[in-house]
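J.: The structure that follows is given in the form of structure tokens.
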Amino acid sequence: MNNEIEKVKKILVDFKQEHLLQFIDELSLANRKKLVNQISSINFTLVNELFRNSTVSITSKPFVERNITPINCDIIEEFSESKLMEYRKKGINAICEGRIASVTMAGGQGTRLGYNGPKGTFQIGPPIKKTLFQLQVEKLKNIHQECGKWVPWYIMTSNENHNDTIKYFSDNKYFGYSEKDILFFMQGMLPMVDFNGKVLLKEKDEIYFGPDGNGGIFLSLKKYGLLQDMNLRGVEWVFINGIDNALVKVADPVFIGYTTMLGKSSASKSVAKKSPDEAVGVFCLENGKPSIIEYTEIPETLTKEVNDDGQLLFGDANIIAHLFRLDDIVNIAEMGLPYHSAIKKASYIDKNGKKIVSQEPNAYKFESFIFDAFKYLNNMGILRVQREREFAPIKNSIGKDSPEAALEQLMLYPL
Ligand code: UTP
């Protein structure tokens with residue numbers, strides 16, 4: 001053990017992070033091992049670089065330099081019934097032929113909801129009484145019933161909720177889904193650093209790690225060999241969604257048919273913004289490439305701009321429902337995504353060994369976002385769907401985007 005400690009000490013000195021071993025002498029052998037393993041897993045070159053960049057992050061780049069223009073979208077209500085049926089048939093065929101996989105991102109921390117446990121295990125109240133995972137599995141089971149195919153379902157967790165998520169599925173006998181077609185994988189973690197670039201200790205024997213954002217999906221799928229797994233299964237297209245939309249149409253055949261029949265290289269669903277000031281990211285073109293601009297970044301004047309028909313120019317909100325080609329995902333995983341930094345509150349162990357519960361934001365968290373991958377894609381389709389039927393996000397414990405609001409929508413538009 002001493003040798004290993006000496007080895008990491010050298011690395012820490014090089015990167016000016018030697019405080020991480022400050023309490024090593026107070027730890028049991030097992031806890032020393034745990035801390036040394038965690039330190040060894042960190043890419044300090046990357047962490048130091050991310051800290052240096054955090055003051056000039058992509059999101060803080062002046063808006064005028066970003067060349068943001070509106071993007072076109074297709075509106076689902078403008079397609080005829082027969083067209084939609086045609087798309088649906090095409091989508092179902094692709095599923096039956098095993099060309100579709102589904103990935104659910106369930107690695108978030110759900111801080112705003114304040115629920116203690118994996119967000120997917122959050123239960124929507126009576127009379128629905130179903131968890132977010134259950135709502136999604138039921139949709140996949142319906143597809144199985146229709147075409148006899150178990151869509152391979154990959155669930156992204158984080159190291160904080162991985163074991164609990166697997167246990168939940170196993171305790172519930174996978175809700176009757178085919179066990180071998182549900183695969184769990186963990187997203188990556190990055191250490192959080194204070195405003196001086198020092199990696200934080202969560203406990204004396206534990207580094208303060210945070211999930212590396214939903215853009216971590218590409219690298220993690222690759223790391224766990226799941227891109228290869230998809231390839232072996234004959235998958236060509238991958239539907240990706242978040243866990244927290246209670247109305248998400250998982251592996252939606254209409255969306256698959258729309259994308260493939262119109263010859264799109266990829267597609268995302270959107271919903272019309274409720275009002276110019278709604279706090280949502282919107283689709284746009286950045287330097288001519290599809291992207292999303294966060295509500296925190298877009299100037300107020302632009303949020304209100306309309307076209308000749310009175311429609312908002314930047315009026316398509318992201319609902320985290322994407323369809324990518326598997327070969328594009330393989331490329332994106334190879335090329336990597338940029339990291340954004342966010343300032344968060346983090347309780348940590350200070351140099352006197354005291355736990356500091358910070359009331360103010362005091363640390364940088366580094367994350368990559370799935371939409372940064374759009375710039376690698378050409379000819380991306382944006383399909384604007386009906387908000388009341390397809391978007392009921394559960395973000396907050398009360399009020400807007402709360403379980404209560406989602407329940408109301410689910411009662412109107414059940415599975
Ligand atoms: P959010 O951005 O809403 O984050 O995630 P969150 O962690 O769930 O909630 P807050 O911000 O802490 O309150 C959008 C989707 O992306 C997934 C989430 O699980 C959700 O489905 N996600 C987010 C990840 O899988 N990993 C992440 O690191 C972040």
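Each chain in the structure tokens gets a letter, A, B, ..., in the order shown, and its residues are numbered from 1; ligands are numbered from 1 in order too.
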Write out as a VMD selection string the residues lying within 9 Å of Ser102 of chain A, counting only C-alpha atoms and excluding same-chain residues fewer than 6 positions away.

T.: chain A and resid 151 to 155 237 to 241 250 to 251

J.: Could you pull out all residues of segment 45-225 of chain A with a DSSP call of strand (DSSP E) and give them as a PDB file with N, CA and C atoms, in the first residue's frame?

T.:
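Below is the file that was written, out22.pdb:
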ATOM      1  N   ILE A  68     -25.716  32.608 -34.411  1.00  0.00           N
ATOM      2  CA  ILE A  68     -26.915  31.798 -34.163  1.00  0.00           C
ATOM      3  C   ILE A  68     -28.028  32.213 -35.134  1.00  0.00           C
ATOM      4  N   THR A  69     -28.592  31.232 -35.835  1.00  0.00           N
ATOM      5  CA  THR A  69     -29.707  31.515 -36.749  1.00  0.00           C
ATOM      6  C   THR A  69     -30.805  30.470 -36.517  1.00  0.00           C
ATOM      7  N   ASP A  74     -40.208  20.346 -38.802  1.00  0.00           N
ATOM      8  CA  ASP A  74     -41.441  19.786 -39.346  1.00  0.00           C
ATOM      9  C   ASP A  74     -42.440  19.700 -38.201  1.00  0.00           C
ATOM     10  N   ILE A  75     -43.691  19.956 -38.530  1.00  0.00           N
ATOM     11  CA  ILE A  75     -44.710  19.982 -37.471  1.00  0.00           C
ATOM     12  C   ILE A  75     -45.612  18.765 -37.631  1.00  0.00           C
ATOM     13  N   ILE A 100     -33.358  -1.205 -34.370  1.00  0.00           N
ATOM     14  CA  ILE A 100     -33.516  -0.078 -33.440  1.00  0.00           C
ATOM     15  C   ILE A 100     -33.128  -0.492 -32.014  1.00  0.00           C
ATOM     16  N   ALA A 101     -32.383   0.389 -31.357  1.00  0.00           N
ATOM     17  CA  ALA A 101     -32.106   0.205 -29.918  1.00  0.00           C
ATOM     18  C   ALA A 101     -32.595   1.456 -29.208  1.00  0.00           C
ATOM     19  N   SER A 102     -32.799   1.345 -27.911  1.00  0.00           N
ATOM     20  CA  SER A 102     -33.258   2.495 -27.140  1.00  0.00           C
ATOM     21  C   SER A 102     -32.315   2.712 -25.959  1.00  0.00           C
ATOM     22  N   VAL A 103     -31.994   3.970 -25.709  1.00  0.00           N
ATOM     23  CA  VAL A 103     -31.127   4.276 -24.560  1.00  0.00           C
ATOM     24  C   VAL A 103     -31.836   5.308 -23.687  1.00  0.00           C
ATOM     25  N   THR A 104     -31.926   5.023 -22.410  1.00  0.00           N
ATOM     26  CA  THR A 104     -32.512   5.982 -21.472  1.00  0.00           C
ATOM     27  C   THR A 104     -31.413   6.533 -20.568  1.00  0.00           C
ATOM     28  N   MET A 105     -31.354   7.840 -20.521  1.00  0.00           N
ATOM     29  CA  MET A 105     -30.335   8.467 -19.668  1.00  0.00           C
ATOM     30  C   MET A 105     -30.934   8.686 -18.282  1.00  0.00           C
ATOM     31  N   GLN A 123     -42.196   7.395  -8.066  1.00  0.00           N
ATOM     32  CA  GLN A 123     -43.544   6.958  -8.448  1.00  0.00           C
ATOM     33  C   GLN A 123     -44.512   8.132  -8.588  1.00  0.00           C
ATOM     34  N   ILE A 124     -45.217   8.138  -9.713  1.00  0.00           N
ATOM     35  CA  ILE A 124     -46.264   9.140  -9.909  1.00  0.00           C
ATOM     36  C   ILE A 124     -47.480   8.670  -9.111  1.00  0.00           C
ATOM     37  N   LYS A 130     -47.360   4.613 -10.889  1.00  0.00           N
ATOM     38  CA  LYS A 130     -46.308   3.936 -11.649  1.00  0.00           C
ATOM     39  C   LYS A 130     -45.050   4.767 -11.566  1.00  0.00           C
ATOM     40  N   THR A 131     -43.902   4.074 -11.603  1.00  0.00           N
ATOM     41  CA  THR A 131     -42.651   4.826 -11.580  1.00  0.00           C
ATOM     42  C   THR A 131     -42.282   5.234 -13.008  1.00  0.00           C
ATOM     43  N   TRP A 153     -32.682  -2.421 -24.673  1.00  0.00           N
ATOM     44  CA  TRP A 153     -32.847  -1.181 -23.899  1.00  0.00           C
ATOM     45  C   TRP A 153     -31.621  -0.996 -23.005  1.00  0.00           C
ATOM     46  N   TYR A 154     -30.900   0.073 -23.249  1.00  0.00           N
ATOM     47  CA  TYR A 154     -29.669   0.370 -22.507  1.00  0.00           C
ATOM     48  C   TYR A 154     -29.981   1.506 -21.537  1.00  0.00           C
ATOM     49  N   ILE A 155     -29.692   1.284 -20.271  1.00  0.00           N
ATOM     50  CA  ILE A 155     -30.043   2.304 -19.272  1.00  0.00           C
ATOM     51  C   ILE A 155     -28.753   2.881 -18.676  1.00  0.00           C
ATOM     52  N   MET A 156     -28.598   4.183 -18.857  1.00  0.00           N
ATOM     53  CA  MET A 156     -27.385   4.832 -18.326  1.00  0.00           C
ATOM     54  C   MET A 156     -27.633   5.296 -16.890  1.00  0.00           C
ATOM     55  N   THR A 157     -26.780   4.828 -16.004  1.00  0.00           N
ATOM     56  CA  THR A 157     -26.871   5.188 -14.585  1.00  0.00           C
ATOM     57  C   THR A 157     -25.627   6.012 -14.231  1.00  0.00           C
ATOM     58  N   ILE A 182     -32.200  -5.872 -21.371  1.00  0.00           N
ATOM     59  CA  ILE A 182     -32.018  -4.617 -20.620  1.00  0.00           C
ATOM     60  C   ILE A 182     -30.573  -4.604 -20.135  1.00  0.00           C
ATOM     61  N   LEU A 183     -29.826  -3.604 -20.564  1.00  0.00           N
ATOM     62  CA  LEU A 183     -28.404  -3.543 -20.188  1.00  0.00           C
ATOM     63  C   LEU A 183     -28.124  -2.215 -19.486  1.00  0.00           C
ATOM     64  N   PHE A 184     -27.438  -2.302 -18.358  1.00  0.00           N
ATOM     65  CA  PHE A 184     -27.158  -1.099 -17.582  1.00  0.00           C
ATOM     66  C   PHE A 184     -25.695  -0.691 -17.779  1.00  0.00           C
ATOM     67  N   PHE A 185     -25.462   0.575 -17.872  1.00  0.00           N
ATOM     68  CA  PHE A 185     -24.064   1.036 -17.940  1.00  0.00           C
ATOM     69  C   PHE A 185     -23.950   2.367 -17.211  1.00  0.00           C
ATOM     70  N   MET A 186     -22.743   2.584 -16.693  1.00  0.00           N
ATOM     71  CA  MET A 186     -22.545   3.772 -15.868  1.00  0.00           C
ATOM     72  C   MET A 186     -21.918   4.906 -16.665  1.00  0.00           C
ATOM     73  N   MET A 189     -17.555   9.961 -14.446  1.00  0.00           N
ATOM     74  CA  MET A 189     -17.588  10.947 -13.363  1.00  0.00           C
ATOM     75  C   MET A 189     -16.373  11.854 -13.493  1.00  0.00           C
ATOM     76  N   LEU A 190     -16.536  13.088 -13.095  1.00  0.00           N
ATOM     77  CA  LEU A 190     -15.390  14.001 -13.066  1.00  0.00           C
ATOM     78  C   LEU A 190     -15.361  14.670 -11.697  1.00  0.00           C
ATOM     79  N   PRO A 191     -14.148  14.916 -11.183  1.00  0.00           N
ATOM     80  CA  PRO A 191     -14.088  15.559  -9.867  1.00  0.00           C
ATOM     81  C   PRO A 191     -14.557  17.007  -9.911  1.00  0.00           C
ATOM     82  N   VAL A 193     -14.098  20.857  -8.514  1.00  0.00           N
ATOM     83  CA  VAL A 193     -12.946  21.623  -7.986  1.00  0.00           C
ATOM     84  C   VAL A 193     -13.427  22.947  -7.412  1.00  0.00           C
ATOM     85  N   ASP A 194     -12.660  23.473  -6.443  1.00  0.00           N
ATOM     86  CA  ASP A 194     -13.045  24.766  -5.864  1.00  0.00           C
ATOM     87  C   ASP A 194     -12.574  25.897  -6.774  1.00  0.00           C
ATOM     88  N   LEU A 201     -12.582  17.186  -1.544  1.00  0.00           N
ATOM     89  CA  LEU A 201     -12.820  15.917  -0.848  1.00  0.00           C
ATOM     90  C   LEU A 201     -14.242  15.947  -0.307  1.00  0.00           C
ATOM     91  N   LYS A 202     -14.996  14.912  -0.634  1.00  0.00           N
ATOM     92  CA  LYS A 202     -16.360  14.838  -0.105  1.00  0.00           C
ATOM     93  C   LYS A 202     -16.303  14.349   1.343  1.00  0.00           C
ATOM     94  N   GLU A 203     -15.409  13.372   1.543  1.00  0.00           N
ATOM     95  CA  GLU A 203     -15.096  12.860   2.880  1.00  0.00           C
ATOM     96  C   GLU A 203     -13.589  12.726   2.925  1.00  0.00           C
ATOM     97  N   GLU A 206     -12.749  10.190   0.403  1.00  0.00           N
ATOM     98  CA  GLU A 206     -13.546  10.160  -0.831  1.00  0.00           C
ATOM     99  C   GLU A 206     -13.432  11.460  -1.624  1.00  0.00           C
ATOM    100  N   ILE A 207     -13.144  11.294  -2.912  1.00  0.00           N
ATOM    101  CA  ILE A 207     -13.089  12.452  -3.811  1.00  0.00           C
ATOM    102  C   ILE A 207     -14.509  12.910  -4.124  1.00  0.00           C
ATOM    103  N   PHE A 209     -16.865  13.514  -6.626  1.00  0.00           N
ATOM    104  CA  PHE A 209     -17.114  13.330  -8.052  1.00  0.00           C
ATOM    105  C   PHE A 209     -18.538  13.778  -8.404  1.00  0.00           C
ATOM    106  N   GLY A 210     -18.718  14.259  -9.630  1.00  0.00           N
ATOM    107  CA  GLY A 210     -20.069  14.540 -10.140  1.00  0.00           C
ATOM    108  C   GLY A 210     -20.211  13.844 -11.482  1.00  0.00           C
ATOM    109  N   PRO A 211     -21.441  13.456 -11.870  1.00  0.00           N
ATOM    110  CA  PRO A 211     -21.627  12.839 -13.190  1.00  0.00           C
ATOM    111  C   PRO A 211     -21.169  13.792 -14.294  1.00  0.00           C
TER     112      PRO A 211
END

J.: Counting only C-alpha atoms and all ligand atoms, what are the residues of chain A within 6 Å of ligand 1, and for each of them which pair of atoms is the nearest and at what distance in Å, to one decimal? Sort the table by chain and rising number, as CSV.

T.:
residue,atom,partner,partner_atom_place_in_ligand_line,distance
A:Met105,CA,ligand 1,25 (O),4.0
A:Ala106,CA,ligand 1,19 (O),3.7
A:Gly107,CA,ligand 1,25 (O),3.4
A:Gly108,CA,ligand 1,7 (O),3.2
A:Gln109,CA,ligand 1,7 (O),3.8
A:Gly110,CA,ligand 1,9 (O),3.5
A:Thr111,CA,ligand 1,12 (O),3.7
A:Arg112,CA,ligand 1,13 (O),3.7
A:Leu113,CA,ligand 1,13 (O),5.9
A:Pro211,CA,ligand 1,28 (O),4.3
A:Asp212,CA,ligand 1,28 (O),5.1
A:Gly213,CA,ligand 1,28 (O),3.2
A:Asn214,CA,ligand 1,26 (N),4.2
A:Gly242,CA,ligand 1,21 (O),3.2
A:Ile243,CA,ligand 1,21 (O),3.9
A:Asp244,CA,ligand 1,21 (O),5.1
A:Lys395,CA,ligand 1,13 (O),5.9

J.: Rank A:Ile5, A:Glu78, A:Ile382, A:Val199 by their smallest atom-to-atom distance to Ala346 of chain A, using only C-alpha atoms, and report the top residue only.

T.: A:Val199

J.: May I have the residues within 12 Å of Gly114 of chain A as a list of chain:residue names, using only C-alpha atoms and disregarding those fewer than 6 positions away in the same chain?

T.: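 Residues meeting the cut-off are A:Gly108, A:Phe122, A:Ile394, A:Lys395, A:Asn396, A:Ser397, A:Ile398, A:Ser402, A:Pro403.
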
J.: Restricting the output to N, CA, C and O atoms, write the selected residues as a PDB file, in the first residue's frame.

T.:
ATOM      1  N   GLY A 108     -28.740  11.270 -13.998  1.00  0.00           N
ATOM      2  CA  GLY A 108     -28.771  12.600 -13.372  1.00  0.00           C
ATOM      3  C   GLY A 108     -28.938  12.517 -11.859  1.00  0.00           C
ATOM      4  O   GLY A 108     -29.230  11.450 -11.314  1.00  0.00           O
ATOM      5  N   PHE A 122     -38.898   6.975  -9.108  1.00  0.00           N
ATOM      6  CA  PHE A 122     -39.881   7.904  -8.539  1.00  0.00           C
ATOM      7  C   PHE A 122     -41.280   7.519  -9.021  1.00  0.00           C
ATOM      8  O   PHE A 122     -41.509   7.339 -10.216  1.00  0.00           O
ATOM      9  N   ILE A 394     -40.571  15.790 -15.266  1.00  0.00           N
ATOM     10  CA  ILE A 394     -40.624  15.884 -13.807  1.00  0.00           C
ATOM     11  C   ILE A 394     -39.266  16.404 -13.349  1.00  0.00           C
ATOM     12  O   ILE A 394     -38.272  15.682 -13.364  1.00  0.00           O
ATOM     13  N   LYS A 395     -39.240  17.670 -13.018  1.00  0.00           N
ATOM     14  CA  LYS A 395     -37.977  18.316 -12.630  1.00  0.00           C
ATOM     15  C   LYS A 395     -38.041  18.814 -11.189  1.00  0.00           C
ATOM     16  O   LYS A 395     -37.075  18.704 -10.446  1.00  0.00           O
ATOM     17  N   ASN A 396     -39.198  19.427 -10.832  1.00  0.00           N
ATOM     18  CA  ASN A 396     -39.317  20.076  -9.518  1.00  0.00           C
ATOM     19  C   ASN A 396     -40.308  19.323  -8.642  1.00  0.00           C
ATOM     20  O   ASN A 396     -41.174  18.615  -9.151  1.00  0.00           O
ATOM     21  N   SER A 397     -40.194  19.506  -7.319  1.00  0.00           N
ATOM     22  CA  SER A 397     -41.102  18.754  -6.451  1.00  0.00           C
ATOM     23  C   SER A 397     -42.508  19.345  -6.471  1.00  0.00           C
ATOM     24  O   SER A 397     -43.489  18.621  -6.315  1.00  0.00           O
ATOM     25  N   ILE A 398     -42.611  20.659  -6.657  1.00  0.00           N
ATOM     26  CA  ILE A 398     -43.956  21.255  -6.759  1.00  0.00           C
ATOM     27  C   ILE A 398     -44.011  22.268  -7.898  1.00  0.00           C
ATOM     28  O   ILE A 398     -42.972  22.712  -8.375  1.00  0.00           O
ATOM     29  N   SER A 402     -43.742  19.538 -12.244  1.00  0.00           N
ATOM     30  CA  SER A 402     -43.744  18.724 -11.014  1.00  0.00           C
ATOM     31  C   SER A 402     -44.491  17.409 -11.271  1.00  0.00           C
ATOM     32  O   SER A 402     -45.184  17.263 -12.282  1.00  0.00           O
ATOM     33  N   PRO A 403     -44.401  16.448 -10.344  1.00  0.00           N
ATOM     34  CA  PRO A 403     -45.143  15.191 -10.493  1.00  0.00           C
ATOM     35  C   PRO A 403     -46.643  15.436 -10.623  1.00  0.00           C
ATOM     36  O   PRO A 403     -47.330  14.759 -11.390  1.00  0.00           O
TER      37      PRO A 403
END

J.: Taking the DSSP assignment computed from this structure's backbone, write out as a ChimeraX atom specification all residues of segment 85-275 of chain A that belong to helix (DSSP H, G or I).

T.: /A:85-96,119-121,132-147,162-171,173-176,179-181,216-223,226-233,253-261

J.: Report, in Å with one decimal, the straight-line distance from atom CA of Ile370 of chain A to atom CA of Ala267 of chain A.

T.: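 Interatomic distance here is 12.9 Å.
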